[in-house]
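What's in data-v9.pdb: PDB, C-alpha atoms
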```
ATOM      1  CA  MET A   1     -13.299 -10.538  10.040
ATOM      2  CA  GLU A   2     -12.303 -13.045  12.696
ATOM      3  CA  GLY A   3     -10.073 -15.716  11.190
ATOM      4  CA  LYS A   4      -9.483 -13.998   7.848
ATOM      5  CA  VAL A   5      -5.895 -14.007   6.609
ATOM      6  CA  ALA A   6      -4.341 -10.834   5.207
ATOM      7  CA  LEU A   7      -1.101 -10.267   3.326
ATOM      8  CA  VAL A   8       0.106  -6.658   3.529
ATOM      9  CA  THR A   9       3.188  -5.845   1.479
ATOM     10  CA  GLY A  10       5.664  -3.216   2.599
ATOM     11  CA  SER A  11       4.394  -3.401   6.146
ATOM     12  CA  THR A  12       7.373  -2.863   8.436
ATOM     13  CA  SER A  13       6.585   0.846   8.793
ATOM     14  CA  GLY A  14       4.326   3.644   7.637
ATOM     15  CA  ILE A  15       1.110   2.977   5.755
ATOM     16  CA  GLY A  16       1.594  -0.786   5.540
ATOM     17  CA  LEU A  17       2.189  -1.231   9.257
ATOM     18  CA  GLY A  18      -0.764   1.039  10.048
ATOM     19  CA  ILE A  19      -3.032  -1.063   7.834
ATOM     20  CA  ALA A  20      -1.731  -4.315   9.317
ATOM     21  CA  LYS A  21      -2.424  -3.116  12.860
ATOM     22  CA  GLU A  22      -6.024  -2.189  12.068
ATOM     23  CA  LEU A  23      -6.639  -5.563  10.407
ATOM     24  CA  LEU A  24      -5.177  -7.310  13.452
ATOM     25  CA  LYS A  25      -7.416  -5.312  15.779
ATOM     26  CA  ASN A  26     -10.384  -6.620  13.807
ATOM     27  CA  GLY A  27      -9.458 -10.279  14.166
ATOM     28  CA  CYS A  28      -7.350 -10.947  11.077
ATOM     29  CA  GLU A  29      -4.204 -13.010  10.962
ATOM     30  CA  VAL A  30      -1.603 -10.933   9.138
ATOM     31  CA  ILE A  31       1.518 -11.584   7.095
ATOM     32  CA  LEU A  32       3.924  -8.648   7.132
ATOM     33  CA  THR A  33       6.540  -8.266   4.408
ATOM     34  CA  GLY A  34       9.626  -6.132   3.978
ATOM     35  CA  SER A  35      13.071  -6.055   2.450
ATOM     36  CA  ARG A  36      14.866  -6.128   5.808
ATOM     37  CA  SER A  37      15.800  -9.293   7.699
ATOM     38  CA  LYS A  38      13.482 -10.648  10.364
ATOM     39  CA  GLU A  39      15.978  -9.579  13.028
ATOM     40  CA  ASN A  40      15.949  -6.006  11.723
ATOM     41  CA  ALA A  41      12.145  -6.040  11.487
ATOM     42  CA  THR A  42      11.672  -7.084  15.128
ATOM     43  CA  ALA A  43      10.364  -3.695  16.258
ATOM     44  CA  ALA A  44       7.681  -3.666  13.561
ATOM     45  CA  ILE A  45       6.704  -7.276  14.268
ATOM     46  CA  ASN A  46       6.363  -6.568  17.985
ATOM     47  CA  GLU A  47       4.362  -3.410  17.305
ATOM     48  CA  ALA A  48       1.997  -5.403  15.108
ATOM     49  CA  LYS A  49       1.693  -8.188  17.691
ATOM     50  CA  ALA A  50       0.474  -5.622  20.216
ATOM     51  CA  SER A  51      -2.632  -5.263  18.016
ATOM     52  CA  GLY A  52      -3.364  -8.955  17.409
ATOM     53  CA  SER A  53      -2.208 -12.448  18.163
ATOM     54  CA  VAL A  54      -1.190 -14.016  14.833
ATOM     55  CA  VAL A  55       1.571 -12.190  12.949
ATOM     56  CA  HIS A  56       3.970 -13.687  10.416
ATOM     57  CA  TYR A  57       6.884 -11.986   8.675
ATOM     58  CA  ILE A  58       8.393 -12.769   5.277
ATOM     59  CA  GLN A  59      11.503 -11.010   4.011
ATOM     60  CA  CYS A  60      11.204 -10.359   0.298
ATOM     61  CA  ASP A  61      12.651  -8.174  -2.444
ATOM     62  CA  LEU A  62       9.581  -7.343  -4.511
ATOM     63  CA  SER A  63      11.685  -6.030  -7.371
ATOM     64  CA  SER A  64      12.665  -9.572  -8.315
ATOM     65  CA  LYS A  65      11.535 -12.223  -5.802
ATOM     66  CA  VAL A  66       7.729 -12.155  -5.874
ATOM     67  CA  ASP A  67       7.649 -15.890  -6.564
ATOM     68  CA  THR A  68       9.590 -16.454  -3.330
ATOM     69  CA  LEU A  69       6.970 -14.493  -1.396
ATOM     70  CA  CYS A  70       4.156 -16.482  -3.018
ATOM     71  CA  ASN A  71       5.825 -19.777  -2.120
ATOM     72  CA  GLU A  72       6.387 -18.724   1.500
ATOM     73  CA  VAL A  73       2.779 -17.558   1.862
ATOM     74  CA  ASP A  74       1.559 -20.906   0.505
ATOM     75  CA  LYS A  75       3.674 -22.756   3.070
ATOM     76  CA  ILE A  76       2.073 -20.820   5.929
ATOM     77  CA  TYR A  77      -1.475 -20.840   4.511
ATOM     78  CA  PRO A  78      -1.934 -23.655   1.965
ATOM     79  CA  GLY A  79      -5.580 -22.661   1.564
ATOM     80  CA  GLY A  80      -4.593 -19.183   0.479
ATOM     81  CA  ILE A  81      -5.130 -15.731   1.894
ATOM     82  CA  ASP A  82      -8.410 -13.818   2.063
ATOM     83  CA  ILE A  83      -7.188 -10.229   1.898
ATOM     84  CA  LEU A  84      -4.360  -8.860  -0.235
ATOM     85  CA  VAL A  85      -3.135  -5.316   0.372
ATOM     86  CA  ASN A  86      -0.628  -4.214  -2.266
ATOM     87  CA  ASN A  87       1.048  -1.399  -0.395
ATOM     88  CA  ALA A  88       4.785  -1.728  -1.065
ATOM     89  CA  GLY A  89       6.164   1.038  -3.212
ATOM     90  CA  ILE A  90       9.181   3.211  -3.883
ATOM     91  CA  ASN A  91       9.736   6.657  -5.344
ATOM     92  CA  PHE A  92      12.677   8.320  -7.030
ATOM     93  CA  VAL A  93      12.312  11.952  -8.051
ATOM     94  CA  LYS A  94      14.182  13.132 -11.132
ATOM     95  CA  TYR A  95      13.240  14.858 -14.380
ATOM     96  CA  ILE A  96      12.613  12.364 -17.178
ATOM     97  CA  ASP A  97      15.689  13.210 -19.303
ATOM     98  CA  GLU A  98      17.909  12.484 -16.287
ATOM     99  CA  TYR A  99      15.978   9.490 -14.977
ATOM    100  CA  PRO A 100      18.152   6.328 -14.830
ATOM    101  CA  VAL A 101      16.634   3.410 -16.719
ATOM    102  CA  GLU A 102      17.551   1.037 -13.878
ATOM    103  CA  LYS A 103      15.556   3.208 -11.448
ATOM    104  CA  TRP A 104      12.577   3.140 -13.811
ATOM    105  CA  ASN A 105      12.768  -0.650 -14.026
ATOM    106  CA  GLU A 106      13.016  -1.035 -10.245
ATOM    107  CA  LEU A 107      10.134   1.357  -9.591
ATOM    108  CA  ILE A 108       7.812  -0.297 -12.110
ATOM    109  CA  ALA A 109       8.778  -3.761 -10.824
ATOM    110  CA  ILE A 110       7.884  -2.927  -7.221
ATOM    111  CA  ASN A 111       4.993  -0.503  -7.719
ATOM    112  CA  LEU A 112       3.163  -2.216 -10.577
ATOM    113  CA  THR A 113       4.528  -5.616 -11.607
ATOM    114  CA  ALA A 114       4.605  -7.030  -8.064
ATOM    115  CA  PRO A 115       0.899  -6.225  -7.436
ATOM    116  CA  PHE A 116       0.024  -7.817 -10.800
ATOM    117  CA  LEU A 117       1.921 -10.993  -9.909
ATOM    118  CA  LEU A 118       0.492 -11.197  -6.385
ATOM    119  CA  ILE A 119      -3.067 -10.695  -7.609
ATOM    120  CA  ARG A 120      -2.585 -13.368 -10.260
ATOM    121  CA  HIS A 121      -1.245 -15.781  -7.641
ATOM    122  CA  CYS A 122      -3.936 -15.139  -5.023
ATOM    123  CA  LEU A 123      -7.026 -15.116  -7.235
ATOM    124  CA  PRO A 124      -7.472 -18.888  -7.794
ATOM    125  CA  LYS A 125      -7.774 -19.670  -4.076
ATOM    126  CA  MET A 126      -9.996 -16.635  -3.512
ATOM    127  CA  ARG A 127     -12.238 -17.974  -6.279
ATOM    128  CA  ASN A 128     -12.372 -21.347  -4.548
ATOM    129  CA  LYS A 129     -13.626 -19.633  -1.388
ATOM    130  CA  ARG A 130     -15.869 -17.273  -3.355
ATOM    131  CA  TRP A 131     -14.567 -14.522  -1.097
ATOM    132  CA  GLY A 132     -11.628 -12.196  -1.439
ATOM    133  CA  ARG A 133     -10.642  -8.600  -0.902
ATOM    134  CA  ILE A 134      -7.867  -6.922  -2.862
ATOM    135  CA  ILE A 135      -6.876  -3.379  -1.942
ATOM    136  CA  ASN A 136      -4.213  -1.581  -3.949
ATOM    137  CA  ILE A 137      -2.581   1.479  -2.432
ATOM    138  CA  SER A 138      -2.230   4.078  -5.167
ATOM    139  CA  SER A 139      -1.680   7.797  -4.560
ATOM    140  CA  VAL A 140      -3.014  11.185  -5.569
ATOM    141  CA  GLN A 141      -0.245  10.791  -8.152
ATOM    142  CA  GLY A 142      -2.526   8.162  -9.687
ATOM    143  CA  THR A 143      -4.771  10.936 -10.996
ATOM    144  CA  ILE A 144      -2.403  13.911 -11.194
ATOM    145  CA  SER A 145       1.361  14.333 -11.482
ATOM    146  CA  ALA A 146       4.217  16.711 -10.746
ATOM    147  CA  PRO A 147       7.618  17.590 -12.215
ATOM    148  CA  GLY A 148      10.143  14.884 -11.456
ATOM    149  CA  LYS A 149       7.459  12.338 -10.647
ATOM    150  CA  ALA A 150       6.483  11.073 -14.104
ATOM    151  CA  PRO A 151       7.621   7.455 -13.500
ATOM    152  CA  TYR A 152       6.009   7.328 -10.052
ATOM    153  CA  ALA A 153       2.778   8.777 -11.437
ATOM    154  CA  THR A 154       2.930   6.253 -14.279
ATOM    155  CA  SER A 155       3.045   3.397 -11.780
ATOM    156  CA  LYS A 156       0.224   4.835  -9.671
ATOM    157  CA  HIS A 157      -1.976   5.536 -12.702
ATOM    158  CA  GLY A 158      -1.228   1.957 -13.726
ATOM    159  CA  ILE A 159      -2.296   0.450 -10.404
ATOM    160  CA  ILE A 160      -5.658   2.189 -10.779
ATOM    161  CA  GLY A 161      -6.076   0.687 -14.244
ATOM    162  CA  LEU A 162      -5.142  -2.733 -12.867
ATOM    163  CA  THR A 163      -7.669  -2.287 -10.056
ATOM    164  CA  LYS A 164     -10.539  -1.479 -12.397
ATOM    165  CA  GLY A 165      -9.740  -4.191 -14.919
ATOM    166  CA  VAL A 166      -9.372  -7.005 -12.382
ATOM    167  CA  ALA A 167     -12.463  -5.809 -10.494
ATOM    168  CA  LEU A 168     -14.567  -6.322 -13.615
ATOM    169  CA  GLU A 169     -13.050  -9.744 -14.298
ATOM    170  CA  VAL A 170     -13.937 -11.098 -10.827
ATOM    171  CA  ALA A 171     -17.036  -9.055 -10.018
ATOM    172  CA  ALA A 172     -19.369 -12.072  -9.970
ATOM    173  CA  GLN A 173     -16.999 -14.302  -7.986
ATOM    174  CA  GLY A 174     -17.306 -12.846  -4.482
ATOM    175  CA  ILE A 175     -14.079 -10.885  -4.843
ATOM    176  CA  THR A 176     -13.796  -7.108  -4.670
ATOM    177  CA  VAL A 177     -10.873  -5.045  -5.913
ATOM    178  CA  ASN A 178     -10.452  -1.414  -4.900
ATOM    179  CA  ALA A 179      -7.752   1.234  -4.720
ATOM    180  CA  ILE A 180      -7.003   3.901  -2.136
ATOM    181  CA  SER A 181      -5.263   7.120  -3.158
ATOM    182  CA  PRO A 182      -3.753   9.051  -0.236
ATOM    183  CA  ALA A 183      -1.890  12.357  -0.270
ATOM    184  CA  TRP A 184       0.492  13.405   2.531
ATOM    185  CA  VAL A 185       0.499  10.668   5.163
ATOM    186  CA  ASP A 186       2.399  10.905   8.439
ATOM    187  CA  THR A 187       5.067   8.258   7.825
ATOM    188  CA  PRO A 188       8.838   7.948   8.343
ATOM    189  CA  LEU A 189       9.339   8.141   4.554
ATOM    190  CA  VAL A 190       7.499  11.467   4.314
ATOM    191  CA  GLN A 191       9.400  12.732   7.351
ATOM    192  CA  VAL A 192      12.663  12.059   5.497
ATOM    193  CA  GLN A 193      11.376  14.085   2.522
ATOM    194  CA  PHE A 194      10.461  16.980   4.803
ATOM    195  CA  GLU A 195      13.854  16.858   6.524
ATOM    196  CA  LYS A 196      15.657  16.928   3.164
ATOM    197  CA  TYR A 197      13.613  19.926   1.993
ATOM    198  CA  ALA A 198      14.229  21.690   5.311
ATOM    199  CA  ARG A 199      18.009  21.230   5.026
ATOM    200  CA  GLU A 200      18.096  22.390   1.412
ATOM    201  CA  ASN A 201      16.077  25.511   2.211
ATOM    202  CA  ASN A 202      17.551  26.244   5.651
ATOM    203  CA  ILE A 203      14.198  26.138   7.422
ATOM    204  CA  SER A 204      12.709  23.989  10.185
ATOM    205  CA  VAL A 205      10.954  20.697   9.543
ATOM    206  CA  ASP A 206       7.793  22.129  11.102
ATOM    207  CA  LYS A 207       7.921  25.061   8.671
ATOM    208  CA  THR A 208       8.444  22.626   5.801
ATOM    209  CA  LYS A 209       5.391  20.627   6.814
ATOM    210  CA  GLU A 210       3.385  23.843   7.055
ATOM    211  CA  ILE A 211       4.460  24.877   3.537
ATOM    212  CA  PHE A 212       3.548  21.536   1.971
ATOM    213  CA  LEU A 213       0.181  21.265   3.696
ATOM    214  CA  GLU A 214      -0.699  24.896   2.987
ATOM    215  CA  LYS A 215       0.078  24.388  -0.688
ATOM    216  CA  SER A 216      -1.631  21.071  -1.291
ATOM    217  CA  GLN A 217      -3.780  19.733   1.553
ATOM    218  CA  PRO A 218      -6.702  22.069   2.436
ATOM    219  CA  THR A 219      -7.335  20.379   5.790
ATOM    220  CA  LYS A 220      -3.766  21.372   6.704
ATOM    221  CA  GLN A 221      -3.451  18.080   8.541
ATOM    222  CA  MET A 222      -1.372  15.010   7.820
ATOM    223  CA  ILE A 223      -3.265  11.786   7.235
ATOM    224  CA  ASP A 224      -2.833   9.189   9.988
ATOM    225  CA  THR A 225      -1.922   5.650   8.919
ATOM    226  CA  ALA A 226      -4.690   4.360  11.207
ATOM    227  CA  GLN A 227      -7.220   6.237   9.072
ATOM    228  CA  LEU A 228      -6.036   4.381   5.994
ATOM    229  CA  GLY A 229      -6.109   1.138   7.968
ATOM    230  CA  GLN A 230      -9.697   1.698   9.028
ATOM    231  CA  LEU A 231     -10.680   2.404   5.424
ATOM    232  CA  VAL A 232      -9.140  -0.933   4.435
ATOM    233  CA  VAL A 233     -11.103  -2.620   7.230
ATOM    234  CA  PHE A 234     -14.300  -1.054   5.885
ATOM    235  CA  LEU A 235     -13.601  -2.349   2.371
ATOM    236  CA  CYS A 236     -13.205  -5.835   3.860
ATOM    237  CA  SER A 237     -16.448  -5.577   5.844
ATOM    238  CA  TYR A 238     -20.046  -6.242   4.856
ATOM    239  CA  GLY A 239     -20.473  -2.497   4.363
ATOM    240  CA  GLY A 240     -17.905  -2.537   1.564
ATOM    241  CA  ALA A 241     -19.082  -5.734  -0.098
ATOM    242  CA  SER A 242     -20.752  -3.967  -3.044
ATOM    243  CA  MET A 243     -17.836  -1.640  -3.699
ATOM    244  CA  THR A 244     -15.504  -2.838  -6.416
ATOM    245  CA  GLY A 245     -13.453  -1.101  -9.064
ATOM    246  CA  SER A 246     -13.548   2.022  -6.912
ATOM    247  CA  VAL A 247     -10.777   4.509  -6.238
ATOM    248  CA  LEU A 248     -11.173   5.991  -2.770
ATOM    249  CA  THR A 249      -9.298   9.242  -2.270
ATOM    250  CA  MET A 250      -8.011  10.186   1.175
ATOM    251  CA  ASP A 251      -6.194  13.424   0.514
ATOM    252  CA  GLY A 252      -7.503  16.174   2.781
ATOM    253  CA  GLY A 253      -9.040  17.903  -0.238
ATOM    254  CA  TYR A 254      -5.844  17.825  -2.332
ATOM    255  CA  THR A 255      -7.486  16.793  -5.621
ATOM    256  CA  ALA A 256     -10.676  18.824  -5.060
ATOM    257  CA  GLN A 257      -8.774  22.022  -5.814
TER     258      GLN A 257
END
```
Structure rendered as structure tokens:
Amino acid sequence: MEGKVALVTGSTSGIGLGIAKELLKNGCEVILTGSRSKENATAAINEAKASGSVVHYIQCDLSSKVDTLCNEVDKIYPGGIDILVNNAGINFVKYIDEYPVEKWNELIAINLTAPFLLIRHCLPKMRNKRWGRIINISSVQGTISAPGKAPYATSKHGIIGLTKGVALEVAAQGITVNAISPAWVDTPLVQVQFEKYARENNISVDKTKEIFLEKSQPTKQMIDTAQLGQLVVFLCSYGGASMTGSVLTMDGGYTAQ
């Protein structure tokens, strides 16, 4: 993968940063993106640079400024990128009759519309190279759901449909399109959820983690972001070249129950 260029959205922390680091370790040049300013993303940029030499950062609000991101990417790499990882996403938990329409619009814009727009922008130059890898980060909520998560599950079901449809459209053009569906991943965002639950129920964060893993993840272990990153690397390798339209679940047995 030496010399390949990857764009990883939502990559200043958590899953996105973990994926970016693994791609860098394998010789890719990587563009990180996030909503925070470059100054406020310095720690993430430096952490990524420890894994590889060429790291760029583009600040972007994916709820409304996808065209800005596309233009900035084209300035850095006029020939286009080789690997697109649609990772950026948000969640807002509320029962449907109380769910604010503006939150629905924001969630769908970031979780589903932004990947659609980025794929549409990147495909022509991937076609010119007759090589491209598109990996969409879905969720176990892309095949199941839970109370309060209907909009989030809608977006993650949708990204799987987008993955399969685009994969079939470009299957003979040297481009693969796959999705990864993780469950509980050890990220700052999940830590915040655990801390909130712990406060509300007057228990420790460790006990909270134990409850959630006991209930849903048979391995009783959190998923490491590096594991997701290495799966992305595999999909970009020769070993993954004949995999397209696939949904790869990394959930510690969550959906096998």
- Using all atoms listed in the file, collect all residues at a distance of at most 12 Å from (-14.2, -16.5, -7.5) as written in the file, then present them as a list in words.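 Here the neighbourhood of the point contains Asp82, Cys122, Leu123, Pro124, Lys125, Met126, Arg127, Asn128, Lys129, Arg130, Trp131, Gly132, Arg133, Val166, Ala167, Leu168, Glu169, Val170, Ala171, Ala172, Gln173, Gly174, Ile175 and Thr176 of chain A.
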- Query: Contacts of Ser51 in chain A at 10 Å or less, counting all atoms listed in the file, minus same-chain residues fewer than 3 places along, as number ranges by chain?
  - Reply: A: 20-27, 46-48, 54-55
- Task: Would you translate the PyMOL selection byres ((chain A and resi 64) around 10) into the concrete set of residues it matches in this file, as a list in words?
- Result: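 On this input, the PyMOL selection byres ((chain A and resi 64) around 10) captures Cys60, Asp61, Leu62, Ser63, Lys65, Val66, Asp67, Thr68, Glu106, Ala109, Ile110, Thr113 and Ala114 of chain A.
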- In Å, how far is it from CA of Ala50 in chain A to CA of Thr12 in chain A? 13.9 Å
Within 8 Å of Val5 in chain A using all atoms listed in the file, minus same-chain residues under 5 positions, as a PDB file with C-alpha atoms, keeping the file's coordinate frame:
```
ATOM      1  CA  CYS A  28      -7.350 -10.947  11.077  1.00  0.00           C
ATOM      2  CA  GLU A  29      -4.204 -13.010  10.962  1.00  0.00           C
ATOM      3  CA  VAL A  30      -1.603 -10.933   9.138  1.00  0.00           C
ATOM      4  CA  ILE A  31       1.518 -11.584   7.095  1.00  0.00           C
ATOM      5  CA  ILE A  81      -5.130 -15.731   1.894  1.00  0.00           C
ATOM      6  CA  ASP A  82      -8.410 -13.818   2.063  1.00  0.00           C
ATOM      7  CA  ILE A  83      -7.188 -10.229   1.898  1.00  0.00           C
TER       8      ILE A  83
END
```
- Item | Contact residues around range 134-149 of chain A with only C-alpha atoms at 9 Å, ignoring same-chain residues under 2 positions, as a PyMOL selection string | chain A and resi 82-89+91-96+99+111+115+119+132+151-160+163+167+175-183+232+235-236+247+249-251+254-255
- Message: Could you tell me how far CA of Asn202 in chain A sits from CA of Ala150 in chain A, in Å to one decimal place?
- Response: 27.3 Å
Quick one: which residues end up in the PyMOL selection byres ((chain A and resi 44) around 9) for this structure, as an mmCIF file with C-alpha atoms, in the coordinates of the input?
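The resulting expr_10.cif:
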```cif
data_model
loop_
_atom_site.group_PDB
_atom_site.id
_atom_site.type_symbol
_atom_site.label_atom_id
_atom_site.label_comp_id
_atom_site.auth_asym_id
_atom_site.auth_seq_id
_atom_site.Cartn_x
_atom_site.Cartn_y
_atom_site.Cartn_z
ATOM 1 C CA SER A 11 4.394 -3.401 6.146
ATOM 2 C CA THR A 12 7.373 -2.863 8.436
ATOM 3 C CA SER A 13 6.585 0.846 8.793
ATOM 4 C CA LEU A 17 2.189 -1.231 9.257
ATOM 5 C CA LEU A 32 3.924 -8.648 7.132
ATOM 6 C CA ASN A 40 15.949 -6.006 11.723
ATOM 7 C CA ALA A 41 12.145 -6.040 11.487
ATOM 8 C CA THR A 42 11.672 -7.084 15.128
ATOM 9 C CA ALA A 43 10.364 -3.695 16.258
ATOM 10 C CA ILE A 45 6.704 -7.276 14.268
ATOM 11 C CA ASN A 46 6.363 -6.568 17.985
ATOM 12 C CA GLU A 47 4.362 -3.410 17.305
ATOM 13 C CA ALA A 48 1.997 -5.403 15.108
ATOM 14 C CA LYS A 49 1.693 -8.188 17.691
#
```
- Calculate how many Å separate CA of Ser204 in chain A from CA of Pro188 in chain A, rounding to one decimal.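 Value for the CA of Ser204 in chain A-CA of Pro188 in chain A distance: 16.6 Å.
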- Query: Any chance you could work out the residue set of the PyMOL selection byres ((chain A and resi 34) around 6) here, as a VMD selection string?
  - Reply: chain A and resid 10 12 33 35 to 36 59 to 60
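Nearest residue to Gly14 in chain A among A:Gly229, A:Glu39, A:Gly161, A:Tyr197 is A:Gly229, counting all atoms listed in the file.
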Might I get the box with edges along x, y and z of the file that holds all atoms of range 111-125 of chain A listed there, padded by 4 Å on every side, given as centre and edge lengths in Å to one decimal, as AutoDock Vina command-line options?
```
--center_x -1.4 --center_y -10.1 --center_z -7.8 --size_x 20.8 --size_y 27.2 --size_z 15.5
```
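If you measure from each of A:Ser216, A:Ser237, A:Thr208, A:Thr225 to Gln257 in chain A using all atoms listed in the file, the closest one turns out to be A:Ser216.
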Report as JSON lines the residues of range 123-210 of chain A within 9 Å of range 220-224 of chain A, each with its shortest atom pair and distance in Å (one decimal), using all atoms listed in the file, ordered by chain and increasing residue number.
```
{"residue": "A:Pro182", "atom": "CA", "partner": "A:Ile223", "partner_atom": "CA", "distance": 8.0}
{"residue": "A:Ala183", "atom": "CA", "partner": "A:Ile223", "partner_atom": "CA", "distance": 7.7}
{"residue": "A:Trp184", "atom": "CA", "partner": "A:Met222", "partner_atom": "CA", "distance": 5.8}
{"residue": "A:Val185", "atom": "CA", "partner": "A:Ile223", "partner_atom": "CA", "distance": 4.4}
{"residue": "A:Asp186", "atom": "CA", "partner": "A:Met222", "partner_atom": "CA", "distance": 5.6}
{"residue": "A:Thr187", "atom": "CA", "partner": "A:Asp224", "partner_atom": "CA", "distance": 8.2}
{"residue": "A:Lys209", "atom": "CA", "partner": "A:Met222", "partner_atom": "CA", "distance": 8.8}
{"residue": "A:Glu210", "atom": "CA", "partner": "A:Lys220", "partner_atom": "CA", "distance": 7.6}
```
Those residues you just picked out, can you put them in a file as a JSON list (two decimals), keeping the file's coordinate frame with C-alpha atoms?
```
[["chain", "number", "residue", "atom", "x", "y", "z"],
["A", 182, "PRO", "CA", -3.75, 9.05, -0.24],
["A", 183, "ALA", "CA", -1.89, 12.36, -0.27],
["A", 184, "TRP", "CA", 0.49, 13.40, 2.53],
["A", 185, "VAL", "CA", 0.50, 10.67, 5.16],
["A", 186, "ASP", "CA", 2.40, 10.90, 8.44],
["A", 187, "THR", "CA", 5.07, 8.26, 7.82],
["A", 209, "LYS", "CA", 5.39, 20.63, 6.81],
["A", 210, "GLU", "CA", 3.38, 23.84, 7.06]]
```
- A:Gln227, A:Gln193, A:Pro218, A:Gly165 ranked by distance to Gly245 in chain A, top pick (using all atoms listed in the file): A:Gly165
Output file: range 16-27 of chain A, N, CA and C atoms, as an mmCIF file, in the first residue's frame:
```
data_model
loop_
_atom_site.group_PDB
_atom_site.id
_atom_site.type_symbol
_atom_site.label_atom_id
_atom_site.label_comp_id
_atom_site.auth_asym_id
_atom_site.auth_seq_id
_atom_site.Cartn_x
_atom_site.Cartn_y
_atom_site.Cartn_z
ATOM 1 N N GLY A 16 -11.945 6.475 13.764
ATOM 2 C CA GLY A 16 -11.303 7.100 12.609
ATOM 3 C C GLY A 16 -9.811 7.259 12.777
ATOM 4 N N LEU A 17 -9.388 7.714 13.952
ATOM 5 C CA LEU A 17 -7.954 7.878 14.205
ATOM 6 C C LEU A 17 -7.263 6.520 14.229
ATOM 7 N N GLY A 18 -7.912 5.520 14.814
ATOM 8 C CA GLY A 18 -7.339 4.173 14.829
ATOM 9 C C GLY A 18 -7.134 3.620 13.434
ATOM 10 N N ILE A 19 -8.110 3.850 12.553
ATOM 11 C CA ILE A 19 -7.993 3.400 11.163
ATOM 12 C C ILE A 19 -6.872 4.153 10.460
ATOM 13 N N ALA A 20 -6.835 5.468 10.641
ATOM 14 C CA ALA A 20 -5.798 6.280 10.000
ATOM 15 C C ALA A 20 -4.403 5.812 10.390
ATOM 16 N N LYS A 21 -4.208 5.514 11.654
ATOM 17 C CA LYS A 21 -2.886 5.079 12.131
ATOM 18 C C LYS A 21 -2.464 3.763 11.495
ATOM 19 N N GLU A 22 -3.394 2.834 11.346
ATOM 20 C CA GLU A 22 -3.040 1.551 10.729
ATOM 21 C C GLU A 22 -2.726 1.722 9.241
ATOM 22 N N LEU A 23 -3.449 2.589 8.561
ATOM 23 C CA LEU A 23 -3.144 2.863 7.153
ATOM 24 C C LEU A 23 -1.767 3.508 7.015
ATOM 25 N N LEU A 24 -1.451 4.428 7.913
ATOM 26 C CA LEU A 24 -0.138 5.071 7.893
ATOM 27 C C LEU A 24 0.978 4.060 8.123
ATOM 28 N N LYS A 25 0.770 3.154 9.050
ATOM 29 C CA LYS A 25 1.776 2.127 9.337
ATOM 30 C C LYS A 25 2.062 1.262 8.114
ATOM 31 N N ASN A 26 1.079 1.167 7.226
ATOM 32 C CA ASN A 26 1.223 0.337 6.036
ATOM 33 C C ASN A 26 1.586 1.141 4.791
ATOM 34 N N GLY A 27 2.081 2.354 4.991
ATOM 35 C CA GLY A 27 2.651 3.115 3.887
ATOM 36 C C GLY A 27 1.751 4.119 3.211
#
```
